[in-house]
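Asks: I am sharing model_17.pdb, which consists of PDB, C-alpha atoms:
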ATOM      1  CA  MET I   1     114.364 -96.539 102.660
ATOM      2  CA  GLN I   2     114.132 -98.653 105.814
ATOM      3  CA  ILE I   3     114.914 -97.162 109.201
ATOM      4  CA  ALA I   4     117.351 -98.773 111.646
ATOM      5  CA  TYR I   5     114.730-100.131 114.026
ATOM      6  CA  ARG I   6     113.926-103.587 115.381
ATOM      7  CA  GLY I   7     110.411-104.621 116.258
ATOM      8  CA  PRO I   8     106.920-104.193 114.875
ATOM      9  CA  ILE I   9     106.090-100.971 113.057
ATOM     10  CA  VAL I  10     102.356-100.441 112.753
ATOM     11  CA  ASP I  11     100.768 -97.667 110.710
ATOM     12  CA  THR I  12      97.438 -97.335 112.509
ATOM     13  CA  HIS I  13      95.768 -94.951 110.074
ATOM     14  CA  MET I  14      95.726 -95.772 106.385
ATOM     15  CA  HIS I  15      92.911 -94.871 103.987
ATOM     16  CA  VAL I  16      92.505 -97.046 100.918
ATOM     17  CA  TRP I  17      89.643 -97.292  98.466
ATOM     18  CA  LYS I  18      88.658 -98.561  95.070
ATOM     19  CA  ILE I  19      86.052 -97.052  92.773
ATOM     20  CA  ASP I  20      84.257 -99.967  91.157
ATOM     21  CA  PRO I  21      80.483 -99.698  91.640
ATOM     22  CA  PRO I  22      78.355-101.434  92.614
ATOM     23  CA  ARG I  23      80.890-103.572  94.476
ATOM     24  CA  TYR I  24      82.985-100.664  95.795
ATOM     25  CA  THR I  25      80.937 -97.503  95.988
ATOM     26  CA  LEU I  26      81.375 -93.843  96.924
ATOM     27  CA  GLU I  27      79.218 -91.887  99.354
ATOM     28  CA  GLN I  28      79.805 -88.434 100.823
ATOM     29  CA  THR I  29      79.232 -88.935 104.567
ATOM     30  CA  LEU I  30      81.149 -85.761 105.487
ATOM     31  CA  LEU I  31      79.986 -82.838 103.391
ATOM     32  CA  ASP I  32      83.342 -81.031 103.453
ATOM     33  CA  VAL I  33      85.261 -84.027 102.073
ATOM     34  CA  PRO I  34      84.962 -84.329  98.259
ATOM     35  CA  LEU I  35      84.617 -87.653  96.516
ATOM     36  CA  PRO I  36      87.841 -89.025  95.010
ATOM     37  CA  THR I  37      88.211 -89.539  91.284
ATOM     38  CA  VAL I  38      91.026 -92.121  91.316
ATOM     39  CA  ASP I  39      91.755 -95.232  93.361
ATOM     40  CA  ALA I  40      94.056 -95.514  96.367
ATOM     41  CA  PRO I  41      94.658 -99.264  96.169
ATOM     42  CA  ILE I  42      95.985-101.697  98.735
ATOM     43  CA  GLU I  43      98.880-102.489  96.379
ATOM     44  CA  ASP I  44     100.318 -99.026  97.067
ATOM     45  CA  VAL I  45     100.359 -99.805 100.801
ATOM     46  CA  LEU I  46     102.180-103.085 100.214
ATOM     47  CA  THR I  47     104.817-101.290  98.141
ATOM     48  CA  ASP I  48     105.278 -98.442 100.634
ATOM     49  CA  ASN I  49     105.482-100.758 103.628
ATOM     50  CA  ALA I  50     108.027-103.058 102.040
ATOM     51  CA  ALA I  51     110.291-100.109 101.220
ATOM     52  CA  ALA I  52     110.090 -98.526 104.684
ATOM     53  CA  GLY I  53     109.970-101.634 106.863
ATOM     54  CA  VAL I  54     106.417-101.122 108.129
ATOM     55  CA  THR I  55     105.201-104.524 109.318
ATOM     56  CA  HIS I  56     101.457-103.986 109.848
ATOM     57  CA  THR I  57      98.743-101.505 108.912
ATOM     58  CA  VAL I  58      95.273-100.625 110.141
ATOM     59  CA  LEU I  59      93.101 -99.831 107.138
ATOM     60  CA  VAL I  60      90.574 -97.095 107.968
ATOM     61  CA  GLN I  61      87.519 -96.678 105.779
ATOM     62  CA  PRO I  62      87.527 -93.147 104.300
ATOM     63  CA  SER I  63      84.407 -91.077 104.805
ATOM     64  CA  THR I  64      83.933 -91.031 101.026
ATOM     65  CA  SER I  65      83.452 -94.809 100.875
ATOM     66  CA  GLY I  66      80.400 -94.667 103.110
ATOM     67  CA  TRP I  67      79.019 -97.654 104.960
ATOM     68  CA  ASN I  68      80.148-100.247 102.403
ATOM     69  CA  ASN I  69      83.328-101.562 104.039
ATOM     70  CA  ARG I  70      83.850-104.359 101.535
ATOM     71  CA  TYR I  71      87.137-103.198 100.022
ATOM     72  CA  ILE I  72      89.080-102.750 103.256
ATOM     73  CA  VAL I  73      87.628-105.948 104.753
ATOM     74  CA  GLU I  74      88.549-107.970 101.694
ATOM     75  CA  SER I  75      92.042-106.470 101.751
ATOM     76  CA  ALA I  76      92.526-107.345 105.412
ATOM     77  CA  VAL I  77      91.160-110.861 105.029
ATOM     78  CA  ALA I  78      93.486-111.464 102.079
ATOM     79  CA  HIS I  79      96.523-110.425 104.192
ATOM     80  CA  PRO I  80      95.603-111.115 107.861
ATOM     81  CA  SER I  81      99.215-110.986 109.040
ATOM     82  CA  LEU I  82      99.640-107.495 107.585
ATOM     83  CA  PHE I  83      96.326-105.652 107.878
ATOM     84  CA  ALA I  84      93.391-105.004 110.193
ATOM     85  CA  ALA I  85      90.256-103.263 108.918
ATOM     86  CA  HIS I  86      88.340-100.411 110.557
ATOM     87  CA  GLY I  87      85.114 -99.677 108.745
ATOM     88  CA  LEU I  88      82.423 -97.049 109.082
ATOM     89  CA  ILE I  89      79.191 -97.781 110.917
ATOM     90  CA  ASP I  90      76.255 -95.410 110.426
ATOM     91  CA  PRO I  91      75.468 -93.855 113.833
ATOM     92  CA  ASP I  92      71.993 -92.919 112.582
ATOM     93  CA  SER I  93      71.029 -96.415 111.459
ATOM     94  CA  ARG I  94      68.559 -98.334 113.606
ATOM     95  CA  THR I  95      70.357-101.530 112.604
ATOM     96  CA  ASN I  96      73.907-100.372 113.315
ATOM     97  CA  ALA I  97      74.514-102.946 116.080
ATOM     98  CA  ALA I  98      73.490-105.739 113.713
ATOM     99  CA  ASP I  99      75.541-104.133 110.937
ATOM    100  CA  LEU I 100      78.600-104.163 113.187
ATOM    101  CA  ARG I 101      78.050-107.812 114.042
ATOM    102  CA  ALA I 102      77.838-108.712 110.348
ATOM    103  CA  TRP I 103      80.976-106.781 109.401
ATOM    104  CA  MET I 104      82.915-108.256 112.319
ATOM    105  CA  ALA I 105      81.889-111.727 111.174
ATOM    106  CA  ALA I 106      83.198-110.828 107.705
ATOM    107  CA  GLY I 107      86.621-109.915 109.095
ATOM    108  CA  MET I 108      86.467-106.322 110.331
ATOM    109  CA  ALA I 109      88.414-105.488 113.513
ATOM    110  CA  GLY I 110      86.708-102.232 114.489
ATOM    111  CA  PHE I 111      85.133 -99.075 113.180
ATOM    112  CA  ARG I 112      85.390 -95.301 113.041
ATOM    113  CA  LEU I 113      82.919 -92.684 114.231
ATOM    114  CA  ASN I 114      83.190 -89.207 112.733
ATOM    115  CA  MET I 115      82.028 -86.929 115.524
ATOM    116  CA  VAL I 116      83.302 -84.009 113.443
ATOM    117  CA  ARG I 117      80.178 -84.347 111.334
ATOM    118  CA  ASP I 118      78.114 -82.426 113.893
ATOM    119  CA  ARG I 119      78.723 -79.466 116.164
ATOM    120  CA  ASP I 120      77.294 -81.432 119.082
ATOM    121  CA  PRO I 121      77.468 -85.156 118.269
ATOM    122  CA  ALA I 122      75.024 -86.192 120.995
ATOM    123  CA  TRP I 123      74.350 -89.396 119.068
ATOM    124  CA  ILE I 124      77.616 -90.951 120.218
ATOM    125  CA  SER I 125      76.331 -91.383 123.776
ATOM    126  CA  ALA I 126      72.589 -91.452 123.039
ATOM    127  CA  SER I 127      70.659 -94.364 124.504
ATOM    128  CA  ARG I 128      69.633 -95.471 121.004
ATOM    129  CA  ASN I 129      73.307 -96.253 120.288
ATOM    130  CA  HIS I 130      74.029 -98.127 123.515
ATOM    131  CA  ALA I 131      73.364-101.377 121.643
ATOM    132  CA  LEU I 132      76.144-100.449 119.210
ATOM    133  CA  TRP I 133      78.585 -99.942 122.079
ATOM    134  CA  GLU I 134      77.393-103.084 123.833
ATOM    135  CA  THR I 135      77.984-105.085 120.659
ATOM    136  CA  ALA I 136      81.446-103.547 120.268
ATOM    137  CA  GLN I 137      82.276-104.547 123.836
ATOM    138  CA  GLU I 138      80.927-108.069 123.336
ATOM    139  CA  LEU I 139      82.854-108.652 120.090
ATOM    140  CA  GLY I 140      86.059-106.823 121.010
ATOM    141  CA  ALA I 141      85.609-104.210 118.291
ATOM    142  CA  VAL I 142      88.033-101.286 118.523
ATOM    143  CA  ILE I 143      86.529 -97.832 117.972
ATOM    144  CA  ASN I 144      88.501 -94.928 116.568
ATOM    145  CA  VAL I 145      86.992 -91.459 116.721
ATOM    146  CA  GLN I 146      87.620 -88.267 114.768
ATOM    147  CA  MET I 147      86.561 -85.247 116.785
ATOM    148  CA  HIS I 148      87.441 -81.744 117.936
ATOM    149  CA  PRO I 149      88.526 -81.037 121.536
ATOM    150  CA  PRO I 150      85.238 -79.386 122.655
ATOM    151  CA  GLN I 151      83.433 -82.617 121.720
ATOM    152  CA  ALA I 152      85.581 -84.854 123.907
ATOM    153  CA  TRP I 153      83.270 -84.772 126.920
ATOM    154  CA  ARG I 154      80.729 -86.738 124.910
ATOM    155  CA  LEU I 155      83.301 -89.434 124.228
ATOM    156  CA  LEU I 156      84.409 -89.447 127.865
ATOM    157  CA  GLU I 157      80.840 -90.130 128.925
ATOM    158  CA  ILE I 158      80.298 -93.147 126.686
ATOM    159  CA  ALA I 159      83.821 -94.602 126.955
ATOM    160  CA  ALA I 160      83.464 -94.631 130.729
ATOM    161  CA  ARG I 161      80.172 -96.520 130.390
ATOM    162  CA  TYR I 162      81.827 -99.246 128.286
ATOM    163  CA  PRO I 163      85.292 -99.838 129.769
ATOM    164  CA  GLY I 164      85.748-103.018 127.755
ATOM    165  CA  VAL I 165      85.849-101.090 124.479
ATOM    166  CA  LYS I 166      89.226 -99.801 123.362
ATOM    167  CA  VAL I 167      88.698 -96.245 122.069
ATOM    168  CA  ILE I 168      91.278 -94.437 119.955
ATOM    169  CA  VAL I 169      91.287 -90.692 119.302
ATOM    170  CA  ASP I 170      92.507 -89.797 115.823
ATOM    171  CA  HIS I 171      95.056 -87.127 114.887
ATOM    172  CA  LEU I 172      96.064 -85.841 118.352
ATOM    173  CA  GLY I 173      92.410 -84.943 118.967
ATOM    174  CA  LYS I 174      92.623 -82.311 116.186
ATOM    175  CA  PRO I 175      93.986 -79.516 118.425
ATOM    176  CA  ASP I 176      93.970 -75.826 117.651
ATOM    177  CA  ILE I 177      97.617 -75.128 118.374
ATOM    178  CA  THR I 178      96.963 -71.384 118.587
ATOM    179  CA  GLU I 179      95.037 -72.005 121.815
ATOM    180  CA  PRO I 180      96.849 -70.310 124.719
ATOM    181  CA  PRO I 181      97.496 -71.769 128.193
ATOM    182  CA  PRO I 182      95.799 -73.183 130.208
ATOM    183  CA  TYR I 183      94.499 -74.965 127.068
ATOM    184  CA  GLN I 184      90.885 -75.056 128.148
ATOM    185  CA  GLN I 185      89.693 -76.839 125.000
ATOM    186  CA  PHE I 186      92.587 -79.286 124.627
ATOM    187  CA  SER I 187      92.252 -80.243 128.282
ATOM    188  CA  ASN I 188      89.096 -82.096 127.218
ATOM    189  CA  ILE I 189      91.298 -84.446 125.202
ATOM    190  CA  LEU I 190      93.787 -84.814 128.044
ATOM    191  CA  ALA I 191      90.940 -85.693 130.434
ATOM    192  CA  LEU I 192      90.323 -88.865 128.444
ATOM    193  CA  SER I 193      93.591 -90.219 129.849
ATOM    194  CA  ASP I 194      91.740 -90.901 133.109
ATOM    195  CA  LEU I 195      90.086 -93.835 131.328
ATOM    196  CA  PRO I 196      92.496 -96.755 130.781
ATOM    197  CA  ASN I 197      90.615 -97.884 127.662
ATOM    198  CA  THR I 198      91.477 -94.708 125.718
ATOM    199  CA  TYR I 199      94.380 -94.126 123.325
ATOM    200  CA  VAL I 200      95.520 -91.330 120.974
ATOM    201  CA  LYS I 201      97.099 -91.407 117.524
ATOM    202  CA  VAL I 202     100.208 -89.304 116.941
ATOM    203  CA  SER I 203      99.227 -88.617 113.363
ATOM    204  CA  ALA I 204      98.432 -85.793 110.944
ATOM    205  CA  LEU I 205     100.852 -83.311 112.522
ATOM    206  CA  SER I 206     100.932 -81.505 109.196
ATOM    207  CA  LEU I 207      97.214 -80.732 109.497
ATOM    208  CA  ALA I 208      97.591 -79.214 112.958
ATOM    209  CA  SER I 209     100.727 -77.249 112.063
ATOM    210  CA  ARG I 210     100.494 -73.556 111.267
ATOM    211  CA  THR I 211     103.963 -73.248 109.744
ATOM    212  CA  LYS I 212     103.540 -76.370 107.593
ATOM    213  CA  GLU I 213     107.292 -76.794 107.885
ATOM    214  CA  TYR I 214     108.552 -80.348 108.421
ATOM    215  CA  PRO I 215     108.894 -81.835 111.040
ATOM    216  CA  TYR I 216     106.108 -79.553 112.368
ATOM    217  CA  ARG I 217     107.853 -78.504 115.566
ATOM    218  CA  ASP I 218     105.052 -76.072 116.365
ATOM    219  CA  VAL I 219     102.871 -79.119 117.119
ATOM    220  CA  PHE I 220     105.429 -80.808 119.400
ATOM    221  CA  PRO I 221     104.146 -79.142 122.612
ATOM    222  CA  TRP I 222     100.742 -80.753 122.013
ATOM    223  CA  VAL I 223     102.349 -84.134 121.433
ATOM    224  CA  LYS I 224     104.267 -83.632 124.686
ATOM    225  CA  MET I 225     101.040 -82.890 126.592
ATOM    226  CA  LEU I 226      99.538 -86.108 125.268
ATOM    227  CA  TYR I 227     102.705 -88.035 126.108
ATOM    228  CA  ASP I 228     102.671 -86.709 129.672
ATOM    229  CA  ALA I 229      98.971 -87.521 130.109
ATOM    230  CA  PHE I 230      98.650 -90.896 128.373
ATOM    231  CA  GLY I 231     102.183 -92.277 128.383
ATOM    232  CA  ALA I 232     103.860 -93.875 125.381
ATOM    233  CA  ALA I 233     102.036 -97.177 125.930
ATOM    234  CA  ARG I 234      98.751 -95.473 124.985
ATOM    235  CA  LEU I 235     100.015 -93.559 121.957
ATOM    236  CA  LEU I 236      99.993 -94.861 118.380
ATOM    237  CA  TRP I 237     101.646 -93.792 115.141
ATOM    238  CA  GLY I 238      99.745 -93.328 111.898
ATOM    239  CA  THR I 239      99.982 -91.611 108.522
ATOM    240  CA  GLY I 240      96.999 -91.268 106.163
ATOM    241  CA  TYR I 241      97.214 -92.137 102.456
ATOM    242  CA  PRO I 242      99.312 -94.514 100.339
ATOM    243  CA  GLY I 243     101.636 -94.044  97.408
ATOM    244  CA  PRO I 244     101.445 -90.760  95.473
ATOM    245  CA  ARG I 245      98.648 -89.476  97.740
ATOM    246  CA  ARG I 246     100.939 -89.265 100.771
ATOM    247  CA  THR I 247     101.449 -85.881 102.397
ATOM    248  CA  LEU I 248     104.983 -87.017 103.269
ATOM    249  CA  PRO I 249     107.170 -89.923 102.168
ATOM    250  CA  LEU I 250     106.786 -92.788 104.618
ATOM    251  CA  ASP I 251     110.385 -92.580 105.844
ATOM    252  CA  LYS I 252     109.847 -88.919 106.830
ATOM    253  CA  GLU I 253     106.649 -89.836 108.667
ATOM    254  CA  LEU I 254     108.618 -92.424 110.635
ATOM    255  CA  ALA I 255     111.449 -89.989 111.322
ATOM    256  CA  ILE I 256     109.090 -87.659 113.216
ATOM    257  CA  ILE I 257     108.874 -90.397 115.856
ATOM    258  CA  THR I 258     112.362 -91.876 115.620
ATOM    259  CA  GLU I 259     114.420 -88.688 115.292
ATOM    260  CA  HIS I 260     112.604 -85.422 115.878
ATOM    261  CA  LEU I 261     110.512 -85.620 119.054
ATOM    262  CA  PRO I 262     113.181 -84.723 121.642
ATOM    263  CA  PHE I 263     111.369 -85.992 124.741
ATOM    264  CA  LEU I 264     110.907 -89.587 123.558
ATOM    265  CA  LEU I 265     113.162 -92.270 124.995
ATOM    266  CA  GLU I 266     114.094 -95.290 122.885
ATOM    267  CA  ASP I 267     111.545 -97.487 124.644
ATOM    268  CA  ASP I 268     108.857 -94.837 124.113
ATOM    269  CA  THR I 269     109.540 -94.977 120.391
ATOM    270  CA  ARG I 270     109.053 -98.731 120.373
ATOM    271  CA  TRP I 271     105.669 -98.410 122.061
ATOM    272  CA  ILE I 272     104.401 -95.648 119.781
ATOM    273  CA  LEU I 273     105.617 -97.260 116.558
ATOM    274  CA  GLY I 274     104.349-100.747 117.267
ATOM    275  CA  ARG I 275     104.087-102.227 120.723
ATOM    276  CA  THR I 276     100.934-100.336 121.676
ATOM    277  CA  ALA I 277      99.211-101.353 118.463
ATOM    278  CA  MET I 278     100.168-104.990 118.930
ATOM    279  CA  THR I 279      98.304-105.023 122.237
ATOM    280  CA  ILE I 280      95.140-103.766 120.485
ATOM    281  CA  TRP I 281      94.855-105.588 117.131
ATOM    282  CA  PRO I 282      95.279-109.378 116.809
ATOM    283  CA  PHE I 283      97.475-109.532 113.738
ATOM    284  CA  THR I 284      98.115-113.171 112.924
ATOM    285  CA  THR I 285     101.903-113.049 112.980
ATOM    286  CA  GLY I 286     104.869-114.271 114.978
ATOM    287  CA  LEU I 287     105.701-110.749 116.135
ATOM    288  CA  ALA I 288     104.540-110.250 119.715
ATOM    289  CA  ALA I 289     103.698-107.030 121.556
ATOM    290  CA  GLY I 290     107.052-106.981 123.267
ATOM    291  CA  ALA I 291     109.124-107.967 120.260
ATOM    292  CA  GLY I 292     112.267-106.055 119.557
TER     293      GLY I 292
END
As a first step, turn the structure in this file into structure tokens.
Replies:
Amino acid sequence: MQIAYRGPIVDTHMHVWKIDPPRYTLEQTLLDVPLPTVDAPIEDVLTDNAAAGVTHTVLVQPSTSGWNNRYIVESAVAHPSLFAAHGLIDPDSRTNAADLRAWMAAGMAGFRLNMVRDRDPAWISASRNHALWETAQELGAVINVQMHPPQAWRLLEIAARYPGVKVIVDHLGKPDITEPPPYQQFSNILALSDLPNTYVKVSALSLASRTKEYPYRDVFPWVKMLYDAFGAARLLWGTGYPGPRRTLPLDKELAIITEHLPFLLEDDTRWILGRTAMTIWPFTTGLAAGAG
């Protein structure tokens, strides 16, 4: 069911994969995330998007697909007006800067770093990875990061060093919504707003929620803190998985932004659902950042 909304709608967080070794392989890069046993194909995204009116999608390599980004890159290259691809780059690889250059040449738009892998992910700002960040800045690669609030100071350090790299924090910064005021841990996420090259995804509210009751109103105060700190023009909407693997139907995911967040103005909704994303990823389409 399509929503009554004009303008681009960009799902900035969609995991797809195909199990077809050796071309499309599986690798457990996060030990707490089990390997899938069935595909989550790009065809499911096309079907979902057509039904809900989503115009563009950022495909994010799942941790279980490892460093072989072939499936999401091929999917994006096959539909450049619809998709952009964010792969995984191994932060421990001595060749990761060259790997990024090769994947960008193949059609990738950016990559994800899973800081959640380590208690203290010092590698993200280590001097040995400066070449990776320098290459990202040179090529215009967008970096999205999955992390916990206490880790945000590491990201602040490196994002400040490379102001030409657009850096996107996944899933609200994964807050602990039981944290009491003055929100000492979550303030680390809010501090990133001081850097104009940082953005946050309004996604995975169901994961942060304690009630697990749609539309996850217990998470709304944390969304409001991000809105006040970053502004709507630096917030992005995203979901997670396609087709039968969705936590919520796509129309209900959209309704969180269009209907349920009481502090959003109509123009804010347009930025979060699409305008912000259209300033970040160069989808080859007639829709412009200010469309609608």
Asks: Return as a short mmCIF file (atom, residue, chain, number, x, y, z; two decimals) with C-alpha atoms, in the coordinates of the input the set of residues that the PyMOL selection byres ((chain I and resi 107) around 10) yields on the displayed structure.
Replies:
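expr16.cif was written with the following content:
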data_model
loop_
_atom_site.label_atom_id
_atom_site.label_comp_id
_atom_site.auth_asym_id
_atom_site.auth_seq_id
_atom_site.Cartn_x
_atom_site.Cartn_y
_atom_site.Cartn_z
CA ARG I 70 83.85 -104.36 101.54
CA ILE I 72 89.08 -102.75 103.26
CA VAL I 73 87.63 -105.95 104.75
CA GLU I 74 88.55 -107.97 101.69
CA SER I 75 92.04 -106.47 101.75
CA ALA I 76 92.53 -107.34 105.41
CA VAL I 77 91.16 -110.86 105.03
CA ALA I 78 93.49 -111.46 102.08
CA PRO I 80 95.60 -111.12 107.86
CA ALA I 84 93.39 -105.00 110.19
CA ALA I 85 90.26 -103.26 108.92
CA HIS I 86 88.34 -100.41 110.56
CA ALA I 102 77.84 -108.71 110.35
CA TRP I 103 80.98 -106.78 109.40
CA MET I 104 82.92 -108.26 112.32
CA ALA I 105 81.89 -111.73 111.17
CA ALA I 106 83.20 -110.83 107.70
CA MET I 108 86.47 -106.32 110.33
CA ALA I 109 88.41 -105.49 113.51
CA GLY I 110 86.71 -102.23 114.49
#
Asks: Pick the closest to Ala126 of chain I from I:Val58, I:Glu157, I:Pro262, I:Ala98: which is it, counting all atoms listed in the file?
Replies: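 Comparing I:Val58, I:Glu157, I:Pro262, I:Ala98 against Ala126 of chain I, the winner is I:Glu157.
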Asks: Provide the atom CA of Ile189 of chain I to atom CA of Asn96 of chain I distance in Å, to one decimal place.
Replies: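 Spanning atom CA of Ile189 of chain I to atom CA of Asn96 of chain I is a straight-line distance of 26.4 Å.
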Asks: Kindly provide the residues of segment 90-171 of chain I that approach segment 27-32 of chain I to within 9 Å, each paired with its closest atom pair and their distance in Å to one decimal, based on all atoms listed in the file, listed by chain and increasing number, as a Markdown table.
Replies:
| residue | atom | partner | partner_atom | distance |
| --- | --- | --- | --- | --- |
| I:Asn114 | CA | I:Leu30 | CA | 8.3 |
| I:Val116 | CA | I:Leu30 | CA | 8.4 |
| I:Arg117 | CA | I:Leu30 | CA | 6.1 |
Asks: The PyMOL selection byres ((chain I and resi 47-55) around 8) - which residues does that actually catch in the file I just gave you? List them as an MDAnalysis selection string.
Replies: chainID I and resid 1:3 8:11 43:46 56:57 82 242:243 250:251
Asks: Restricting the output to C-alpha atoms, write the selected residues as a PDB file, in the coordinates of the input.
Replies:
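The resulting file, result_29.pdb, is reproduced below:
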ATOM      1  CA  MET I   1     114.364 -96.539 102.660  1.00  0.00           C
ATOM      2  CA  GLN I   2     114.132 -98.653 105.814  1.00  0.00           C
ATOM      3  CA  ILE I   3     114.914 -97.162 109.201  1.00  0.00           C
ATOM      4  CA  PRO I   8     106.920-104.193 114.875  1.00  0.00           C
ATOM      5  CA  ILE I   9     106.090-100.971 113.057  1.00  0.00           C
ATOM      6  CA  VAL I  10     102.356-100.441 112.753  1.00  0.00           C
ATOM      7  CA  ASP I  11     100.768 -97.667 110.710  1.00  0.00           C
ATOM      8  CA  GLU I  43      98.880-102.489  96.379  1.00  0.00           C
ATOM      9  CA  ASP I  44     100.318 -99.026  97.067  1.00  0.00           C
ATOM     10  CA  VAL I  45     100.359 -99.805 100.801  1.00  0.00           C
ATOM     11  CA  LEU I  46     102.180-103.085 100.214  1.00  0.00           C
ATOM     12  CA  HIS I  56     101.457-103.986 109.848  1.00  0.00           C
ATOM     13  CA  THR I  57      98.743-101.505 108.912  1.00  0.00           C
ATOM     14  CA  LEU I  82      99.640-107.495 107.585  1.00  0.00           C
ATOM     15  CA  PRO I 242      99.312 -94.514 100.339  1.00  0.00           C
ATOM     16  CA  GLY I 243     101.636 -94.044  97.408  1.00  0.00           C
ATOM     17  CA  LEU I 250     106.786 -92.788 104.618  1.00  0.00           C
ATOM     18  CA  ASP I 251     110.385 -92.580 105.844  1.00  0.00           C
TER      19      ASP I 251
END
Asks: Given the PyMOL selection byres ((chain I and resi 135-140) around 9) and the file above, list the residues it selects as a ChimeraX atom specification.
Replies: /I:97-98,100-101,104,109-110,130-134,141-143,162-166
Asks: May I ask which of the residues I:Gly274, I:Gly240, I:Gly231, I:Pro149 is the closest one to Ser203 of chain I, counting only C-alpha atoms?
Replies: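 Comparing I:Gly274, I:Gly240, I:Gly231, I:Pro149 against Ser203 of chain I, the winner is I:Gly240.
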Asks: Using all atoms listed in the file, which residue out of I:Pro36, I:Pro121, I:Pro221, I:Pro196 lies closest to Trp17 of chain I?
Replies: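 Going through I:Pro36, I:Pro121, I:Pro221, I:Pro196 one by one, the smallest distance to Trp17 of chain I is for I:Pro36.
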Asks: Would you compute the distance between atom CA of Glu213 of chain I and atom CA of Thr12 of chain I? Give it in Å to one decimal.
Replies: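 So the two atoms, atom CA of Glu213 of chain I and atom CA of Thr12 of chain I, lie 23.2 Å apart.
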Asks: What separation in Å, quoted to one decimal, exists between atom CA of Leu172 of chain I and atom CA of Leu261 of chain I?
Replies: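 So the answer is 14.5 Å.
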Asks: Restricting the calculation to all atoms listed in the file: of I:Lys18, I:Arg119, I:Lys224, I:Arg112, which residue gets closest to Tyr71 of chain I?
Replies: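 For Tyr71 of chain I, the nearest of the candidates is I:Lys18.
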Asks: Distance cut-off 10 Å, centre (81.9, -92.4, 126.0) in file coordinates, counting all atoms listed in the file: which residues qualify? Return them as a ChimeraX atom specification.
Replies: /I:124-126,133,152-163,165,167,192,195,198
Asks: Show me the residues around (95.5, -81.9, 129.7) - criterion: an atom at most 10 Å away, all atoms listed in the file counted - as a PyMOL selection string.
Replies: chain I and resi 182-193+222+225-226+228-230
Asks: Using all atoms listed in the file, can you tell me which of I:Leu205, I:Ala122, I:Leu236, I:Val219 comes closest to Asn144 of chain I?
Replies: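 Ranked by minimum distance to Asn144 of chain I, first place goes to I:Leu236.
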Asks: Would you mind listing what lies within 10 Å of Trp271 of chain I as JSON, numbers by chain, with all atoms listed in the file counted and same-chain residues fewer than 6 positions away left out?
Replies: {"I": [7, 8, 9, 231, 232, 233, 234, 235, 236, 237, 277, 278, 279, 289, 290]}
